[in-house]
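A.B. asks: File coords-v5.cif below, mmCIF, C-alpha atoms:
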data_final
#
loop_
_atom_site.group_PDB
_atom_site.id
_atom_site.type_symbol
_atom_site.label_atom_id
_atom_site.label_comp_id
_atom_site.auth_asym_id
_atom_site.auth_seq_id
_atom_site.Cartn_x
_atom_site.Cartn_y
_atom_site.Cartn_z
ATOM 1 C CA MET A 45 92.727 114.451 72.280
ATOM 2 C CA GLN A 46 91.835 115.692 75.749
ATOM 3 C CA GLN A 47 92.836 113.508 78.673
ATOM 4 C CA GLY A 48 90.486 112.780 81.537
ATOM 5 C CA PRO A 49 91.180 113.583 85.189
ATOM 6 C CA PRO A 50 94.145 111.854 86.847
ATOM 7 C CA ARG A 51 93.408 108.584 88.593
ATOM 8 C CA LEU A 52 92.445 108.902 92.226
ATOM 9 C CA ARG A 53 95.581 108.203 94.223
ATOM 10 C CA GLN A 54 94.527 109.026 97.731
ATOM 11 C CA CYS A 55 92.115 107.958 100.386
ATOM 12 C CA VAL A 56 91.505 110.690 102.963
ATOM 13 C CA VAL A 57 89.465 109.723 106.004
ATOM 14 C CA ARG A 58 87.506 112.009 108.255
ATOM 15 C CA GLN A 59 85.507 111.000 111.299
ATOM 16 C CA PRO A 60 83.203 113.612 112.897
ATOM 17 C CA HIS A 61 83.685 112.785 116.601
ATOM 18 C CA ALA A 62 86.017 110.483 118.520
ATOM 19 C CA ASP A 63 83.068 108.986 120.426
ATOM 20 C CA ASP A 64 81.564 107.950 117.098
ATOM 21 C CA ALA A 65 84.914 106.639 115.863
ATOM 22 C CA ILE A 66 85.429 104.466 118.944
ATOM 23 C CA GLY A 67 81.807 103.446 119.522
ATOM 24 C CA THR A 68 80.160 100.275 118.301
ATOM 25 C CA GLU A 69 78.073 102.205 115.745
ATOM 26 C CA ALA A 70 81.136 103.455 113.875
ATOM 27 C CA PRO A 71 81.711 101.758 110.522
ATOM 28 C CA ASP A 72 84.605 99.310 110.393
ATOM 29 C CA LEU A 73 87.102 100.831 107.961
ATOM 30 C CA THR A 74 89.726 98.102 108.365
ATOM 31 C CA GLU A 75 89.224 96.502 104.958
ATOM 32 C CA ILE A 76 88.977 99.807 103.084
ATOM 33 C CA LEU A 77 91.980 101.521 104.683
ATOM 34 C CA ASN A 78 94.256 98.492 104.648
ATOM 35 C CA ALA A 79 93.375 97.742 101.005
ATOM 36 C CA ALA A 80 94.071 101.359 100.039
ATOM 37 C CA HIS A 81 97.406 101.291 101.860
ATOM 38 C CA GLN A 82 98.399 97.930 100.324
ATOM 39 C CA LYS A 83 97.635 99.349 96.861
ATOM 40 C CA GLY A 84 100.012 102.230 97.537
ATOM 41 C CA LYS A 85 97.339 104.879 97.943
ATOM 42 C CA VAL A 86 97.878 107.770 100.318
ATOM 43 C CA VAL A 87 95.811 107.433 103.483
ATOM 44 C CA GLY A 88 95.282 110.622 105.447
ATOM 45 C CA ALA A 89 93.786 110.922 108.914
ATOM 46 C CA ILE A 90 93.459 114.151 110.882
ATOM 47 C CA CYS A 91 91.927 114.741 114.304
ATOM 48 C CA ASP A 92 89.261 112.128 115.081
ATOM 49 C CA ALA A 93 90.024 110.234 111.870
ATOM 50 C CA THR A 94 93.258 109.098 113.563
ATOM 51 C CA VAL A 95 91.014 107.087 115.891
ATOM 52 C CA ALA A 96 89.430 105.321 112.906
ATOM 53 C CA ALA A 97 92.892 104.632 111.464
ATOM 54 C CA ALA A 98 94.139 103.310 114.819
ATOM 55 C CA LYS A 99 91.171 100.922 115.060
ATOM 56 C CA THR A 100 92.212 99.304 111.771
ATOM 57 C CA GLY A 101 95.734 98.500 112.985
ATOM 58 C CA LEU A 102 97.170 100.728 110.270
ATOM 59 C CA LEU A 103 99.124 102.824 112.790
ATOM 60 C CA ASP A 104 100.573 99.904 114.750
ATOM 61 C CA ASN A 105 103.890 99.861 112.870
ATOM 62 C CA LEU A 106 104.146 103.373 111.396
ATOM 63 C CA ASP A 107 105.262 106.701 112.797
ATOM 64 C CA HIS A 108 102.115 108.751 113.390
ATOM 65 C CA THR A 109 100.528 111.444 115.548
ATOM 66 C CA SER A 110 97.094 112.419 116.818
ATOM 67 C CA ASN A 111 95.519 114.975 119.146
ATOM 68 C CA ASP A 112 97.585 113.754 122.107
ATOM 69 C CA GLU A 113 99.355 110.631 123.282
ATOM 70 C CA GLY A 114 96.354 109.021 124.996
ATOM 71 C CA TYR A 115 93.832 109.953 122.307
ATOM 72 C CA LEU A 116 93.997 106.550 120.606
ATOM 73 C CA ASP A 117 93.835 104.432 123.766
ATOM 74 C CA GLY A 118 90.174 103.387 123.380
ATOM 75 C CA THR A 119 90.942 101.363 120.232
ATOM 76 C CA ARG A 120 92.708 98.082 119.424
ATOM 77 C CA TYR A 121 95.726 100.299 118.805
ATOM 78 C CA ARG A 122 99.168 98.789 119.497
ATOM 79 C CA GLY A 123 101.357 101.513 118.012
ATOM 80 C CA LYS A 124 102.336 103.659 121.010
ATOM 81 C CA ALA A 125 106.028 103.010 120.304
ATOM 82 C CA HIS A 126 105.580 104.825 116.977
ATOM 83 C CA TYR A 127 103.585 107.776 118.319
ATOM 84 C CA GLN A 128 105.205 111.154 117.615
ATOM 85 C CA ASP A 129 104.259 113.900 120.073
ATOM 86 C CA VAL A 130 104.539 116.757 117.571
ATOM 87 C CA PRO A 131 102.184 119.608 116.604
ATOM 88 C CA GLN A 132 102.432 119.000 112.834
ATOM 89 C CA ALA A 133 101.488 116.244 110.405
ATOM 90 C CA VAL A 134 103.537 113.047 110.328
ATOM 91 C CA SER A 135 104.003 111.079 107.111
ATOM 92 C CA SER A 136 105.168 107.460 107.110
ATOM 93 C CA GLN A 137 104.859 104.950 104.275
ATOM 94 C CA LYS A 138 102.098 106.973 102.566
ATOM 95 C CA VAL A 139 100.049 107.275 105.763
ATOM 96 C CA ILE A 140 99.636 110.869 106.918
ATOM 97 C CA THR A 141 98.324 111.712 110.375
ATOM 98 C CA ALA A 142 97.853 115.029 112.126
ATOM 99 C CA PRO A 143 96.318 116.554 115.228
ATOM 100 C CA ALA A 144 93.248 118.770 114.820
ATOM 101 C CA THR A 145 95.453 121.829 115.206
ATOM 102 C CA ALA A 146 97.553 121.033 112.115
ATOM 103 C CA PRO A 147 95.313 121.291 109.041
ATOM 104 C CA VAL A 148 97.891 123.277 107.051
ATOM 105 C CA SER A 149 100.776 120.849 107.549
ATOM 106 C CA PHE A 150 98.343 117.953 106.995
ATOM 107 C CA MET A 151 97.222 119.305 103.624
ATOM 108 C CA ALA A 152 100.810 120.147 102.671
ATOM 109 C CA GLU A 153 101.836 116.538 103.348
ATOM 110 C CA VAL A 154 98.832 115.184 101.419
ATOM 111 C CA MET A 155 99.625 117.437 98.444
ATOM 112 C CA ARG A 156 103.285 116.402 98.518
ATOM 113 C CA ALA A 157 102.358 112.712 98.764
ATOM 114 C CA ILE A 158 100.077 112.829 95.717
ATOM 115 C CA GLY A 159 102.681 114.633 93.653
ATOM 116 C CA LEU A 160 101.300 118.143 93.831
ATOM 117 C CA GLY A 161 103.920 119.567 96.166
ATOM 118 C CA ASP A 162 106.096 122.501 95.169
ATOM 119 C CA GLU A 163 108.360 125.077 96.779
ATOM 120 C CA ASN A 164 105.317 126.962 98.106
ATOM 121 C CA LEU A 165 104.355 123.979 100.239
ATOM 122 C CA VAL A 166 107.883 123.766 101.594
ATOM 123 C CA LEU A 167 107.731 127.452 102.517
ATOM 124 C CA CYS A 168 104.310 126.917 104.087
ATOM 125 C CA ARG A 169 105.604 124.077 106.266
ATOM 126 C CA HIS A 170 108.561 126.196 107.384
ATOM 127 C CA ALA A 171 106.248 129.118 108.179
ATOM 128 C CA CYS A 172 103.977 126.859 110.250
ATOM 129 C CA ARG A 173 106.962 125.492 112.155
ATOM 130 C CA ALA A 174 108.332 128.985 112.802
ATOM 131 C CA ALA A 175 104.945 130.229 114.032
ATOM 132 C CA ARG A 176 104.697 127.302 116.486
ATOM 133 C CA GLU A 177 108.196 128.019 117.768
ATOM 134 C CA GLY A 178 107.406 131.721 118.221
ATOM 135 C CA ARG A 179 109.873 133.010 115.628
#
Give the structure from the file, written as structure tokens.

C.D. replies:
Amino acid sequence: MQQGPPRLRQCVVRQPHADDAIGTEAPDLTEILNAAHQKGKVVGAICDATVAAAKTGLLDNLDHTSNDEGYLDGTRYRGKAHYQDVPQAVSSQKVITAPATAPVSFMAEVMRAIGLGDENLVLCRHACRAAREGR
């Protein structure tokens, strides 16, 4: 008997522009993202999607990153104490955030979080880190 596809275990968010994510016309993702997180799903936010995640309060008590330290200031965000000023993805309690310049480390963290990580992803993360450090 053939099994069907694995259950969806992640919720990856993408917002096209920060102005849209902060503006009044942006959809309120609070209920969706918080429900996904409470159910143990992986929530991923890269670049402008970190703004949408910050608006929900999801980043208030978790280590996270974004495009720069002040990037989330136009939201109801209260998580500055947990902001990590790093050029790669940050994973905390199944919430993965990354600046726009870190798509490789972001995807590596997402893959690891949903159980698809392997030694190649570890090597990829090390290579990204070495490239940033000029080695």

A.B. asks: Hey, can you check how far CA of Ala79 (chain A) sits from CA of Ala146 (chain A)?

C.D. replies: 26.1 Å

A.B. asks: Between A:Lys83, A:His126, A:Lys138, A:Arg156, which one has atoms that come closest to Leu103 (chain A), using only C-alpha atoms?

C.D. replies: A:His126

A.B. asks: Find the distance between CA of Ser136 (chain A) and CA of Asp107 (chain A) and write it in Å to one decimal.

C.D. replies: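 Those two atoms sit 5.7 Å apart.
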
A.B. asks: Pick out the residues sitting within 12 Å of Val87 (chain A), and hand them over as a PyMOL selection string; count all atoms listed in the file, and ignore anything fewer than 6 positions along from it in its own chain.

C.D. replies: chain A and resi 52-58+73+76-81+93-94+96-97+102-103+108+134-142+150-151+153-155+157-158

A.B. asks: Just how far from CA of Tyr121 (chain A) is CA of Ser149 (chain A), in Å to one decimal?

C.D. replies: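 Interatomic distance, CA of Ser149 (chain A) to CA of Tyr121 (chain A): 24.0 Å.
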
A.B. asks: Report as a PyMOL selection string the full result of the PyMOL selection byres ((chain A and resi 120) around 8) when it is applied to this structure.

C.D. replies: chain A and resi 98-101+117-119+121-122

A.B. asks: Run the PyMOL selection byres ((chain A and resi 144) around 7) against the file shown and list the residues it catches, as a PyMOL selection string.

C.D. replies: chain A and resi 90-91+111+142-143+145-147

A.B. asks: From the set A:Pro71, A:Pro131, A:Gly123, A:Gly84, which residue has the shortest atom-to-atom contact distance to Asp104 (chain A), counting all atoms listed in the file?

C.D. replies: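 Looking only at the distances to Asp104 (chain A), the closest residue turns out to be A:Gly123.
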
A.B. asks: Considering only C-alpha atoms, can you say which of A:Asn105, A:Asn164, A:Ser110, A:Thr74 comes closest to Ala125 (chain A)?

C.D. replies: A:Asn105
